[in-house]
Structures are given as C-alpha cells and as structure tokens.
Amino acid sequence: MSPGPKGPLLLGVRHHGPGSARAVRAALDTARPAAVLVEGPPEGDGLLALAADPGMRPPVALLAHAADDPSRAAFWPLAEFSPEWVAIRWALEAGVPVRFMDLPAAHTLAAAAEPEEDGADAVRVDPLAVLAETAGYDDPERWWEDAVEHRGGGGAGEEALGAFEALGEAMGALREAYGDGGRRRDLVREAYMRQRMRAARREFGEAYAVVCGAWHVPALRAKTTVAADRALLSGLPKAKVETTWVPWTHRRLARAGGYGAGITSPGWYAHLFAARDRPVERWLTKVAGLLREEDRQVSSAHVIEAVRLAGTLAALRGRPLAGLTETLEAARAVMCDGSDVPLALIEDRLVVGDVLGEVPEAAPVVPLQRDLSRQQRSLRLKAEAQERELELDLRKDTDAAKSLLLHRLRLLGIGWGTPTASRAGTGTFRETWRLRWEPELSVRVAEAGIWGTTVLAAATARAEADAAAAAQLGEVTALAETCLLAGLSEALPAVLRALADRAALDTDVARLAEALPALARSLRYGDVRGTDATALGAVAAGLAERICVALPAACAAGLDADAAAALRGHVDGVHGAVGLLAEADDGLRERWAAVLRALAGRDTVPGVIRGRAARLLLDEGRLPAEETARLMGLALSPVTPPTDAAGWIEGFAGGSSGGGTLLVHDERLLGLIDGWLAGVPEGAFTDVLPLLRRTFGAYEVGVRRALGELVRRGPGGGSGSAAGDGPEGFGAALDPARAGAVTELVRMLLASPDAVPAG
C-alpha cells in the first residue's frame, strides 16, 4: 500500500511509542515516499538537517520562544524511539525532503496568554483509554503494550501498513462518536495541516507521507474546502519566534508536555526500541546490573528465575509477552526480597532514567548560551540530568572558577546548581553544590540573554539593575553578598551606592540588624576570593554603629511576643556579625558588649531579649557567674510576670546554644529555674508551658535525662557527702578498699610507667 492515486500515506502514531516508531520505519521502507511531513512547527524546517549531525543525540527537543519574551516558549521533544524522530532520520538518510506541518509556533505562542477556547465543561477524550476499554482492558498502557509494543520488530512493511490502516479506522470511529474530543484548538491545527498537505500535493503529487498523532488522521482524510480551512485560520494572533534544538531528558519525557503526550516509562520504552529480541531477558539483566552496583547480592540464577516468573505472570493474565508490570513484580519478588526500596531505585534509574541528550555546536543559540557552553567545557563541568554533589575547594583556581560561574548563573535565574551544607566542613574555603540540569534551563538562558552576551557581562548588568530596583535594604545587602560570591567587581560600585542610600534612609533598627550579617559575610567572602571590599567594610561599620545606638531603645518599646522573638534573632545575627567586623575594629566589640549589658539589665526590655543578652555576655566571659545568678534571680522573682520569666529562660538557655549543657554543669542556675517553676501559680502555668517546652524540648535526649536526674535528686544530690545522699543502689560514701582494687588496672589502661602489676 504505497502513496499514490488513493492519496498520501497517512501514518497515525502514538507520540514516543517505540512500536509506532518501528512500524513507521517499516512502512516508509516499503512505500518509499517522495517527501515526508511530520507533526511539528514549520519554523523548525531549517533545523531538520541537524538531525543527521553526529553530535545530535536524542532525547532532544525543538524549542520555540517569542523573540521579545523568551519566557513564552514551547517544546516539541523527540526521543530515539519517537516515531517523528524515526521519520525525520529516514527522510534525511533517503535524501527526500522532510518538513514540519503543524500550526506555526508564531500562532501558538501568541495565543498562549489568551484563555483556552476549550470550554470548562468540555470533556476531553483519551482515545487510548476508549480503545482499551472497548478491548476489555482497564489499563490503556497495558492495552497499548499488548496491541502494539509486543508486535516484535514492527512487522513486515505490508503488515505495518495494515496496522496503520486499522488504527486510522478506529480513530475515525472515535471522531464520529466524540467529534473534536473536547480539543477545539485541534480543529485549527488540523486546518493548517491540510493546507500543508495541499502544498505538498502540488509539489510531489500524492507520493508523500504524513506522520502525525493517530487522533488527527480522520480529520486529514476528510474532504474539506480551502475556504473552510482558511476561515478557521483567519485572524489568528501572531508573534515573532526563534527556534533551536535543546537537550532533553528521559525524566522530562515522563511529564506531560510537548505534544501533550507525556509517558510514564521512557527508560522502558527506550529499552523496547533498542532490544530487537528477548526484551524481557535483556531488561532483567539490566535490573540485576543496577542492583549489583548498589551492593545487592543478585546472581544469574536470580535473573533466570525472574524471567520465568514474569513469563508465568503474563501467561496467567493472557498477555502475549511480559510487560513492564510483570517484570517489575518479578524483580521485586526475586531480586528485591519483596522490598519496595530497591524497586523504587529500579523505577527511578531504569524505568524513567536520567538520559540527557546532546545538541551539536552548529545548532543556533543565543550568544549567552555559547559562552556558557564554552565555560562548561573549559571547567569540565558537564551538564547532567542526574542530580550530583560537587565539592569545591576555593583555594584551587579551577574550583574557584566553577564557584563563580554557578553563583553568576544563580543571579541570572539559571538554577543549575543549589548551594548546600558541606560534609567536608563549614570552612570559608569550601563550598558544596547540588547540580542537576533541567531542559527548561535552556529557556532561562535565552531569557537571561537580554542582559549580555557573556555570563559575566549578563550577571553584572543584572546585578546593577536589581540594585537600582531594590526597595528594601535587605535586598541590597543580599545582592552585595551575591556580587562578592560571584566575583562581580564591576557591579559592586552601583550596588554599594544603592546600599549606602538605603541604609542612610532606613530608620527601622530591625531592618538594619537584618542587613548587617549579610554584609559581614560579604566581607569574609571578599577576603577569601581576593576581592577588594574596603567600601563595603565602611558601609558595614556605619551600619553597626547605628545599630549600637538605636537597639536599646527599640527593644524597650513595648514589643509583643512575636516582635520580641524576631528582635532576639536579630540580636544573635548582629552578635555574629560583630565578631567578624571586630577583626578590623577592636572598639566595635566593646561598644557592642555595652549594648548587651544595657539590654540584660533593663527591666523594660522583654525577657527573651534580656535572657539572650545575658547568655551572650556569659559565653564571652564578660559576665561573672555571680552576676549571671543575680540577673536570673531578678528575672525569676515572684514580681516578674510568669510569661516574661519563661521568655528570659528561653532567651538564656533555649535554642542550639548549649543552654542545656550549661544548666547540667551549673546546678545553682538550674536550682533557680527549678525553684521558680515550682512557684508558678496554677493559673499561669498553662501560659508558660509552650515556652518551656520549646526551650527544653530542643535539648538532646542525654541532656534532658541528666537535667531530670539532677532535679530528682535535689540540691547537692550528686555530691555523696552525707549519709543517705547516694543514689539508689550505691553506697553513701566512697569505700577506699574497693576503689583501690582497680588502681592497677587503671594504670595499665592509661599506659602508666608503673602499669605492670607488682608480684
């Protein structure tokens, strides 16, 4: 059945279906059409020749975006097992013209911001689901596997043509029953497809082939007039678009997108397309290899038994061949010992997979993308679909350059890497990044192209623009930190001018205190990266002075509980920042200590802030133990409202500051808290309980247990100095004879010169 007098060869396919892909190749080999039309935007016609480039490795996607707004974009993804990709490659190998035939992206993207024409009440028909239900299947994927994917190598050419004819008739019946199936936009698309077919008929007669979604075949066969199709296409909005090829991933294929035909198991489909024989055996061998890489004991016997079980399950269910469901069930039972944990790994790594395609350098890209690709190659920083961690030592030139690139990309909104906590330590010279390249990042690169032609120039321009547009002081301080991390020395003057302007006008001490830590960190990063941050240091010092002057009054201004808790956090942040800034200004540390003393001793300051100030002074050795006990006694006196006293305890001993350990080793402070708690009125206890639970609940289990034991014993309970003071099961005092029995053993353990027992 060749294209000819009866009309063109219409091959209705399932997008990303390996069975359809094999059948398309068999049909084209038999029919040998003079031209091939493929579903896709005609703006991509000039890029089709790149599909034959050795550097083009699917999965890839045709990307179209509005020239004036790259964020308005659409993708047409193609995998090695996509029928459209097979048709394109066949035409290029056969030397016949190949063209896209779908509605232009110029119309699609221009209409993207308009409301969907399909009514809210329209019921969208899933043709595969209807056919599966008609055949007695409750799962469309299983029906498709049995009806198409398990047909073997695609059959002989005539058999493949017959299969396309049968599928086209089935879709015709569905279109008669359901009309447009709730897809009114498809009517416009199909009108344009018929226009392209008319143009192909004028050029090639009837000797051309069409590869499109099976749903469209009946509409393309229908007899319609040119005038009717033109009426559907008249008045469509239009935008100027640019197109290119971009890498795609199997994981991204598993989401609905592109042709609206996301698939759930791209890795499995790729395997079916590549495995010309014994697909189940080859698949389960891959599964065994993956599990062995994860140090699981899987032998050849496991593979043989899993193949048998999969075949048995398929036979019991009346299937011609074991499908993905049967192979996963067999792998779970035989290779995973019934556990879902390794099965989840199989589904993630093999059923979906992290295959990332490649695009040749000849593909058109924005200049920014070309510069990014150059830096990726020079730094050997390969874009990969699978998430991985990257440890950087900033003392090494190459690692420092990688860090600069990743920070610049983040500033541009290109989230290839995300900073994370380092397992190798928290030193200034180390960074840890979590990297994963997503196909959508190609759009982000195109969007960022408006800022410059290189990553450095674009990041610099973006930083300057963000500084001018920033409304809050915190935004500018964060930007200054980013500029130092990204090595944007040319952007720093503009950022610092904006920073000085915002700081001079901002009178809110909370915002000033929130901004200072970022500036202090920026100075530290500037030192690490060799960046001159003198001007930044001057701004930070001025900010610190203003905070020292304004903070005591701000803390005494009748704050509610939430505002006091927020300001307590700012006190912590400023304290850490002062520690960094004091390296260049010794007097700053003393001035800040005076502020903390004022906060700790002023009863108009909320308890949570007074307690925190006292604790910071104690940790730095500026508050004697006796003075600490005095302040605690005042804070926990009967005249102090219970909630304020509980806040003081939270500020002094709460959080991850080691407050629990302090109380374990200073029973005097613990006794003060215990005595206060015992005297809290019953009516007020429920008010302070949440604060106390938040404070003591943050301690480690061992610390809480030790505190409980100390409180149970009471004051002096651990000294053993009086009869009856010893814990239950122990003597009241030391027995020298029994203690002396272990003396020689202890000497041996400590490697004492007298370790050898006498005699």
# chains A, B, ... in the order shown; residues from 1 in each chain; ligands from 1
>>> residues_around(residues="Leu253 of chain A", least_positions_apart="4", cutoff="12 Å", atoms="only C-alpha atoms", output="ChimeraX atom specification")
/A:15-17,58-61,75-82,247-249,257-267,269-270,351-357,438-439
>>> select_by_dssp(residues="segment 422-570 of chain A", states="strand (DSSP E or B)", output="compact mmCIF listing (two decimals) with C-alpha atoms, in the first residue's frame")
# COMPACT_ATOMS: atom_id res chain seq x y z
CA ARG A 430 34.78 25.15 50.95
CA GLU A 431 31.52 25.07 49.04
CA THR A 432 29.15 22.23 48.21
CA TRP A 433 26.70 22.41 45.32
CA ARG A 434 23.88 20.13 44.25
CA LEU A 435 23.75 20.10 40.44
>>> residues_around(residues="Pro493 of chain A", least_positions_apart="2", cutoff="12 Å", atoms="only C-alpha atoms", output="ChimeraX atom specification")
/A:460,463-464,467-468,480,483-484,488-491,495-500,532-536
>>> residues_around(residues="Gly289 of chain A", least_positions_apart="3", cutoff="12 Å", atoms="only C-alpha atoms", output="list of chain:residue names")
A:Arg282, A:Trp283, A:Leu284, A:Thr285, A:Lys286, A:Arg292, A:Glu293, A:Glu294, A:Asp295, A:Arg296, A:Gln297, A:Val298, A:Ser299, A:Ser300, A:His302, A:Val303, A:Met335, A:Ile346, A:Arg349, A:Leu350
>>> closest_residue(among="A:Val36, A:Ala160, A:Leu670, A:Ala222", to="Leu48 of chain A", atoms="only C-alpha atoms")
A:Val36
>>> atom_distance(atom1="atom CA of Ala629 of chain A", atom2="atom CA of Ala513 of chain A")
28.9 Å
>>> atom_distance(atom1="atom CA of Thr454 of chain A", atom2="atom CA of Ser442 of chain A")
14.9 Å
>>> select_by_dssp(residues="segment 50-153 of chain A", states="alpha helix (DSSP H)", output="PDB file with N, CA and C atoms, in the first residue's frame")
ATOM      1  N   PRO A  83       8.259   8.135  16.938  1.00  0.00           N
ATOM      2  CA  PRO A  83       8.015   7.914  15.502  1.00  0.00           C
ATOM      3  C   PRO A  83       8.404   9.110  14.647  1.00  0.00           C
ATOM      4  N   GLU A  84       8.199  10.331  15.156  1.00  0.00           N
ATOM      5  CA  GLU A  84       8.558  11.517  14.375  1.00  0.00           C
ATOM      6  C   GLU A  84      10.064  11.578  14.130  1.00  0.00           C
ATOM      7  N   TRP A  85      10.851  11.234  15.165  1.00  0.00           N
ATOM      8  CA  TRP A  85      12.308  11.248  15.007  1.00  0.00           C
ATOM      9  C   TRP A  85      12.741  10.192  13.992  1.00  0.00           C
ATOM     10  N   VAL A  86      12.134   9.016  14.043  1.00  0.00           N
ATOM     11  CA  VAL A  86      12.458   7.951  13.090  1.00  0.00           C
ATOM     12  C   VAL A  86      12.126   8.398  11.670  1.00  0.00           C
ATOM     13  N   ALA A  87      10.983   9.087  11.511  1.00  0.00           N
ATOM     14  CA  ALA A  87      10.601   9.550  10.173  1.00  0.00           C
ATOM     15  C   ALA A  87      11.573  10.611   9.660  1.00  0.00           C
ATOM     16  N   ILE A  88      11.988  11.522  10.529  1.00  0.00           N
ATOM     17  CA  ILE A  88      12.941  12.567  10.124  1.00  0.00           C
ATOM     18  C   ILE A  88      14.261  11.938   9.699  1.00  0.00           C
ATOM     19  N   ARG A  89      14.766  11.016  10.537  1.00  0.00           N
ATOM     20  CA  ARG A  89      16.037  10.366  10.197  1.00  0.00           C
ATOM     21  C   ARG A  89      15.914   9.552   8.914  1.00  0.00           C
ATOM     22  N   TRP A  90      14.782   8.878   8.700  1.00  0.00           N
ATOM     23  CA  TRP A  90      14.599   8.090   7.470  1.00  0.00           C
ATOM     24  C   TRP A  90      14.665   9.001   6.252  1.00  0.00           C
ATOM     25  N   ALA A  91      13.974  10.157   6.326  1.00  0.00           N
ATOM     26  CA  ALA A  91      13.952  11.061   5.179  1.00  0.00           C
ATOM     27  C   ALA A  91      15.347  11.610   4.886  1.00  0.00           C
ATOM     28  N   LEU A  92      16.092  11.975   5.921  1.00  0.00           N
ATOM     29  CA  LEU A  92      17.433  12.505   5.706  1.00  0.00           C
ATOM     30  C   LEU A  92      18.352  11.444   5.129  1.00  0.00           C
ATOM     31  N   GLU A  93      18.229  10.198   5.597  1.00  0.00           N
ATOM     32  CA  GLU A  93      19.055   9.111   5.064  1.00  0.00           C
ATOM     33  C   GLU A  93      18.668   8.768   3.633  1.00  0.00           C
ATOM     34  N   ALA A  94      17.355   8.879   3.336  1.00  0.00           N
ATOM     35  CA  ALA A  94      16.882   8.549   1.993  1.00  0.00           C
ATOM     36  C   ALA A  94      17.060   9.702   1.013  1.00  0.00           C
ATOM     37  N   ALA A 105       4.438  27.902  15.392  1.00  0.00           N
ATOM     38  CA  ALA A 105       4.643  28.352  16.772  1.00  0.00           C
ATOM     39  C   ALA A 105       4.337  29.832  16.916  1.00  0.00           C
ATOM     40  N   ALA A 106       4.431  30.594  15.821  1.00  0.00           N
ATOM     41  CA  ALA A 106       4.106  32.017  15.869  1.00  0.00           C
ATOM     42  C   ALA A 106       2.680  32.234  16.358  1.00  0.00           C
ATOM     43  N   HIS A 107       1.766  31.361  15.956  1.00  0.00           N
ATOM     44  CA  HIS A 107       0.375  31.461  16.408  1.00  0.00           C
ATOM     45  C   HIS A 107       0.211  30.848  17.797  1.00  0.00           C
ATOM     46  N   THR A 108       0.874  29.721  18.014  1.00  0.00           N
ATOM     47  CA  THR A 108       0.729  29.026  19.301  1.00  0.00           C
ATOM     48  C   THR A 108       1.192  29.895  20.453  1.00  0.00           C
ATOM     49  N   LEU A 109       2.365  30.535  20.311  1.00  0.00           N
ATOM     50  CA  LEU A 109       2.915  31.337  21.399  1.00  0.00           C
ATOM     51  C   LEU A 109       2.170  32.653  21.558  1.00  0.00           C
ATOM     52  N   ALA A 110       1.681  33.226  20.452  1.00  0.00           N
ATOM     53  CA  ALA A 110       0.917  34.471  20.550  1.00  0.00           C
ATOM     54  C   ALA A 110      -0.392  34.241  21.292  1.00  0.00           C
ATOM     55  N   PRO A 127      -8.277   8.909  23.609  1.00  0.00           N
ATOM     56  CA  PRO A 127      -8.607   7.852  22.641  1.00  0.00           C
ATOM     57  C   PRO A 127      -8.065   6.492  23.034  1.00  0.00           C
ATOM     58  N   LEU A 128      -6.854   6.445  23.615  1.00  0.00           N
ATOM     59  CA  LEU A 128      -6.305   5.149  24.021  1.00  0.00           C
ATOM     60  C   LEU A 128      -7.155   4.515  25.106  1.00  0.00           C
ATOM     61  N   ALA A 129      -7.647   5.328  26.037  1.00  0.00           N
ATOM     62  CA  ALA A 129      -8.477   4.784  27.108  1.00  0.00           C
ATOM     63  C   ALA A 129      -9.770   4.209  26.553  1.00  0.00           C
ATOM     64  N   VAL A 130     -10.356   4.880  25.565  1.00  0.00           N
ATOM     65  CA  VAL A 130     -11.598   4.377  24.970  1.00  0.00           C
ATOM     66  C   VAL A 130     -11.347   3.061  24.241  1.00  0.00           C
ATOM     67  N   LEU A 131     -10.279   3.002  23.438  1.00  0.00           N
ATOM     68  CA  LEU A 131      -9.969   1.774  22.716  1.00  0.00           C
ATOM     69  C   LEU A 131      -9.643   0.636  23.675  1.00  0.00           C
ATOM     70  N   ALA A 132      -8.899   0.944  24.749  1.00  0.00           N
ATOM     71  CA  ALA A 132      -8.564  -0.085  25.730  1.00  0.00           C
ATOM     72  C   ALA A 132      -9.818  -0.630  26.397  1.00  0.00           C
ATOM     73  N   GLU A 133     -10.735   0.265  26.752  1.00  0.00           N
ATOM     74  CA  GLU A 133     -11.974  -0.181  27.402  1.00  0.00           C
ATOM     75  C   GLU A 133     -12.802  -1.025  26.442  1.00  0.00           C
ATOM     76  N   THR A 134     -12.814  -0.632  25.169  1.00  0.00           N
ATOM     77  CA  THR A 134     -13.550  -1.401  24.170  1.00  0.00           C
ATOM     78  C   THR A 134     -12.979  -2.810  24.032  1.00  0.00           C
ATOM     79  N   PRO A 140      -5.009   1.577  29.854  1.00  0.00           N
ATOM     80  CA  PRO A 140      -4.641   1.908  28.465  1.00  0.00           C
ATOM     81  C   PRO A 140      -3.202   1.539  28.128  1.00  0.00           C
ATOM     82  N   GLU A 141      -2.264   1.724  29.099  1.00  0.00           N
ATOM     83  CA  GLU A 141      -0.863   1.399  28.822  1.00  0.00           C
ATOM     84  C   GLU A 141      -0.697  -0.097  28.545  1.00  0.00           C
ATOM     85  N   ARG A 142      -1.398  -0.914  29.313  1.00  0.00           N
ATOM     86  CA  ARG A 142      -1.274  -2.366  29.122  1.00  0.00           C
ATOM     87  C   ARG A 142      -1.873  -2.772  27.779  1.00  0.00           C
ATOM     88  N   TRP A 143      -2.981  -2.143  27.416  1.00  0.00           N
ATOM     89  CA  TRP A 143      -3.569  -2.462  26.115  1.00  0.00           C
ATOM     90  C   TRP A 143      -2.622  -2.074  24.985  1.00  0.00           C
ATOM     91  N   TRP A 144      -2.010  -0.897  25.103  1.00  0.00           N
ATOM     92  CA  TRP A 144      -1.104  -0.446  24.038  1.00  0.00           C
ATOM     93  C   TRP A 144       0.093  -1.384  23.923  1.00  0.00           C
ATOM     94  N   GLU A 145       0.615  -1.810  25.069  1.00  0.00           N
ATOM     95  CA  GLU A 145       1.738  -2.754  25.030  1.00  0.00           C
ATOM     96  C   GLU A 145       1.350  -4.031  24.295  1.00  0.00           C
ATOM     97  N   ASP A 146       0.178  -4.586  24.645  1.00  0.00           N
ATOM     98  CA  ASP A 146      -0.237  -5.856  24.040  1.00  0.00           C
ATOM     99  C   ASP A 146      -0.562  -5.703  22.562  1.00  0.00           C
ATOM    100  N   ALA A 147      -1.186  -4.573  22.197  1.00  0.00           N
ATOM    101  CA  ALA A 147      -1.648  -4.405  20.826  1.00  0.00           C
ATOM    102  C   ALA A 147      -0.559  -3.924  19.881  1.00  0.00           C
TER     103      ALA A 147
END
>>> closest_residue(among="A:Leu580, A:Leu290, A:Leu691, A:Ala333", to="Leu309 of chain A", atoms="only C-alpha atoms")
A:Ala333
>>> residues_around(residues="Pro552 of chain A", least_positions_apart="4", cutoff="8 Å", atoms="only C-alpha atoms", output="PyMOL selection string")
chain A and resi 548+556+595+598-599
>>> write_last_selection(atoms="N, CA and C atoms", output="mmCIF file, in the first residue's frame")
data_model
loop_
_atom_site.group_PDB
_atom_site.id
_atom_site.type_symbol
_atom_site.label_atom_id
_atom_site.label_comp_id
_atom_site.auth_asym_id
_atom_site.auth_seq_id
_atom_site.Cartn_x
_atom_site.Cartn_y
_atom_site.Cartn_z
ATOM 1 N N CYS A 548 24.106 49.900 67.272
ATOM 2 C CA CYS A 548 24.503 50.020 68.683
ATOM 3 C C CYS A 548 23.781 51.179 69.369
ATOM 4 N N ALA A 556 13.018 48.339 74.016
ATOM 5 C CA ALA A 556 12.226 48.722 75.182
ATOM 6 C C ALA A 556 10.916 49.375 74.788
ATOM 7 N N VAL A 595 26.170 47.471 74.759
ATOM 8 C CA VAL A 595 24.761 47.365 74.366
ATOM 9 C C VAL A 595 24.126 46.136 75.014
ATOM 10 N N ALA A 598 23.405 46.746 78.631
ATOM 11 C CA ALA A 598 22.220 47.589 78.793
ATOM 12 C C ALA A 598 20.945 46.783 78.595
ATOM 13 N N LEU A 599 20.949 45.898 77.608
ATOM 14 C CA LEU A 599 19.767 45.066 77.363
ATOM 15 C C LEU A 599 19.534 44.091 78.505
#
>>> residues_around(residues="Glu281 of chain A", least_positions_apart="3", cutoff="12 Å", atoms="only C-alpha atoms", output="ChimeraX atom specification")
/A:271-272,275-278,284-288,300,302-311,321-323,327,330-331
>>> atom_distance(atom1="atom CA of Ala214 of chain A", atom2="atom CA of Gly168 of chain A")
6.5 Å
>>> closest_residue(among="A:Asp674, A:Glu149, A:Asp619, A:Glu206", to="Phe652 of chain A", atoms="only C-alpha atoms")
A:Asp619
>>> residues_around(residues="Glu165 of chain A", least_positions_apart="3", cutoff="10 Å", atoms="only C-alpha atoms", output="number ranges by chain")
A: 1, 9-12, 159-162, 168-171, 217
>>> write_last_selection(atoms="all heavy atoms", output="mmCIF file, in the first residue's frame")
data_model
loop_
_atom_site.group_PDB
_atom_site.id
_atom_site.type_symbol
_atom_site.label_atom_id
_atom_site.label_comp_id
_atom_site.auth_asym_id
_atom_site.auth_seq_id
_atom_site.Cartn_x
_atom_site.Cartn_y
_atom_site.Cartn_z
ATOM 1 N N MET A 1 0.858 -1.189 0.000
ATOM 2 C CA MET A 1 0.000 0.000 0.000
ATOM 3 C C MET A 1 0.888 1.229 0.000
ATOM 4 O O MET A 1 1.377 1.672 1.032
ATOM 5 C CB MET A 1 -0.886 -0.006 1.246
ATOM 6 C CG MET A 1 -1.784 1.194 1.372
ATOM 7 S SD MET A 1 -2.839 0.994 2.821
ATOM 8 C CE MET A 1 -3.015 2.699 3.283
ATOM 9 N N LEU A 9 0.255 8.752 2.073
ATOM 10 C CA LEU A 9 0.385 7.734 3.114
ATOM 11 C C LEU A 9 0.235 8.408 4.475
ATOM 12 O O LEU A 9 1.080 9.207 4.873
ATOM 13 C CB LEU A 9 1.751 7.049 2.992
ATOM 14 C CG LEU A 9 2.088 5.995 4.048
ATOM 15 C CD1 LEU A 9 1.136 4.814 3.955
ATOM 16 C CD2 LEU A 9 3.525 5.525 3.878
ATOM 17 N N LEU A 10 -0.845 8.108 5.180
ATOM 18 C CA LEU A 10 -1.097 8.703 6.494
ATOM 19 C C LEU A 10 -0.732 7.692 7.573
ATOM 20 O O LEU A 10 -1.372 6.645 7.695
ATOM 21 C CB LEU A 10 -2.569 9.112 6.627
ATOM 22 C CG LEU A 10 -3.074 10.157 5.630
ATOM 23 C CD1 LEU A 10 -4.540 10.471 5.891
ATOM 24 C CD2 LEU A 10 -2.240 11.426 5.695
ATOM 25 N N LEU A 11 0.287 8.015 8.340
ATOM 26 C CA LEU A 11 0.766 7.129 9.400
ATOM 27 C C LEU A 11 0.414 7.753 10.748
ATOM 28 O O LEU A 11 1.100 8.660 11.233
ATOM 29 C CB LEU A 11 2.281 6.921 9.287
ATOM 30 C CG LEU A 11 2.781 6.377 7.931
ATOM 31 C CD1 LEU A 11 4.294 6.235 7.934
ATOM 32 C CD2 LEU A 11 2.129 5.033 7.613
ATOM 33 N N GLY A 12 -0.673 7.290 11.339
ATOM 34 C CA GLY A 12 -1.101 7.786 12.639
ATOM 35 C C GLY A 12 -0.369 7.057 13.753
ATOM 36 O O GLY A 12 -0.413 5.819 13.830
ATOM 37 N N GLU A 159 2.547 -5.512 6.606
ATOM 38 C CA GLU A 159 1.874 -5.705 7.892
ATOM 39 C C GLU A 159 1.794 -4.389 8.659
ATOM 40 O O GLU A 159 0.764 -4.070 9.270
ATOM 41 C CB GLU A 159 2.621 -6.743 8.716
ATOM 42 C CG GLU A 159 1.974 -7.037 10.064
ATOM 43 C CD GLU A 159 2.785 -8.013 10.894
ATOM 44 O OE1 GLU A 159 3.729 -8.612 10.355
ATOM 45 O OE2 GLU A 159 2.462 -8.170 12.091
ATOM 46 N N ALA A 160 2.872 -3.595 8.635
ATOM 47 C CA ALA A 160 2.864 -2.306 9.318
ATOM 48 C C ALA A 160 1.857 -1.364 8.684
ATOM 49 O O ALA A 160 1.114 -0.659 9.386
ATOM 50 C CB ALA A 160 4.262 -1.693 9.275
ATOM 51 N N LEU A 161 1.779 -1.351 7.348
ATOM 52 C CA LEU A 161 0.800 -0.504 6.673
ATOM 53 C C LEU A 161 -0.619 -0.908 7.040
ATOM 54 O O LEU A 161 -1.489 -0.063 7.253
ATOM 55 C CB LEU A 161 1.009 -0.580 5.160
ATOM 56 C CG LEU A 161 2.305 0.051 4.627
ATOM 57 C CD1 LEU A 161 2.499 -0.279 3.154
ATOM 58 C CD2 LEU A 161 2.279 1.562 4.823
ATOM 59 N N GLY A 162 -0.843 -2.199 7.142
ATOM 60 C CA GLY A 162 -2.168 -2.665 7.550
ATOM 61 C C GLY A 162 -2.514 -2.242 8.965
ATOM 62 O O GLY A 162 -3.665 -1.891 9.260
ATOM 63 N N GLY A 168 -6.153 3.851 11.980
ATOM 64 C CA GLY A 168 -6.832 5.013 11.415
ATOM 65 C C GLY A 168 -8.337 4.823 11.388
ATOM 66 O O GLY A 168 -9.099 5.759 11.670
ATOM 67 N N GLU A 169 -8.804 3.605 11.055
ATOM 68 C CA GLU A 169 -10.243 3.338 11.061
ATOM 69 C C GLU A 169 -10.812 3.432 12.477
ATOM 70 O O GLU A 169 -11.918 3.954 12.684
ATOM 71 C CB GLU A 169 -10.509 1.950 10.474
ATOM 72 C CG GLU A 169 -10.196 1.852 8.985
ATOM 73 C CD GLU A 169 -10.373 0.433 8.459
ATOM 74 O OE1 GLU A 169 -10.729 -0.441 9.280
ATOM 75 O OE2 GLU A 169 -10.162 0.212 7.256
ATOM 76 N N ALA A 170 -10.058 2.918 13.455
ATOM 77 C CA ALA A 170 -10.523 3.002 14.850
ATOM 78 C C ALA A 170 -10.648 4.453 15.292
ATOM 79 O O ALA A 170 -11.620 4.840 15.959
ATOM 80 C CB ALA A 170 -9.561 2.245 15.759
ATOM 81 N N MET A 171 -9.664 5.284 14.931
ATOM 82 C CA MET A 171 -9.734 6.695 15.296
ATOM 83 C C MET A 171 -10.874 7.396 14.557
ATOM 84 O O MET A 171 -11.518 8.308 15.097
ATOM 85 C CB MET A 171 -8.405 7.390 14.979
ATOM 86 C CG MET A 171 -7.272 6.965 15.893
ATOM 87 S SD MET A 171 -7.593 7.412 17.616
ATOM 88 C CE MET A 171 -6.274 6.533 18.440
ATOM 89 N N VAL A 217 -5.629 11.671 12.082
ATOM 90 C CA VAL A 217 -5.722 11.024 10.767
ATOM 91 C C VAL A 217 -7.109 11.186 10.146
ATOM 92 O O VAL A 217 -7.228 11.560 8.961
ATOM 93 C CB VAL A 217 -5.316 9.539 10.865
ATOM 94 C CG1 VAL A 217 -5.686 8.795 9.579
ATOM 95 C CG2 VAL A 217 -3.814 9.426 11.121
#
>>> closest_residue(among="A:Arg194, A:Lys223, A:His575, A:Arg612", to="Ala600 of chain A", atoms="only C-alpha atoms")
A:Arg612
>>> closest_residue(among="A:Arg622, A:Lys396, A:Arg511, A:Arg713", to="Val571 of chain A", atoms="only C-alpha atoms")
A:Arg511
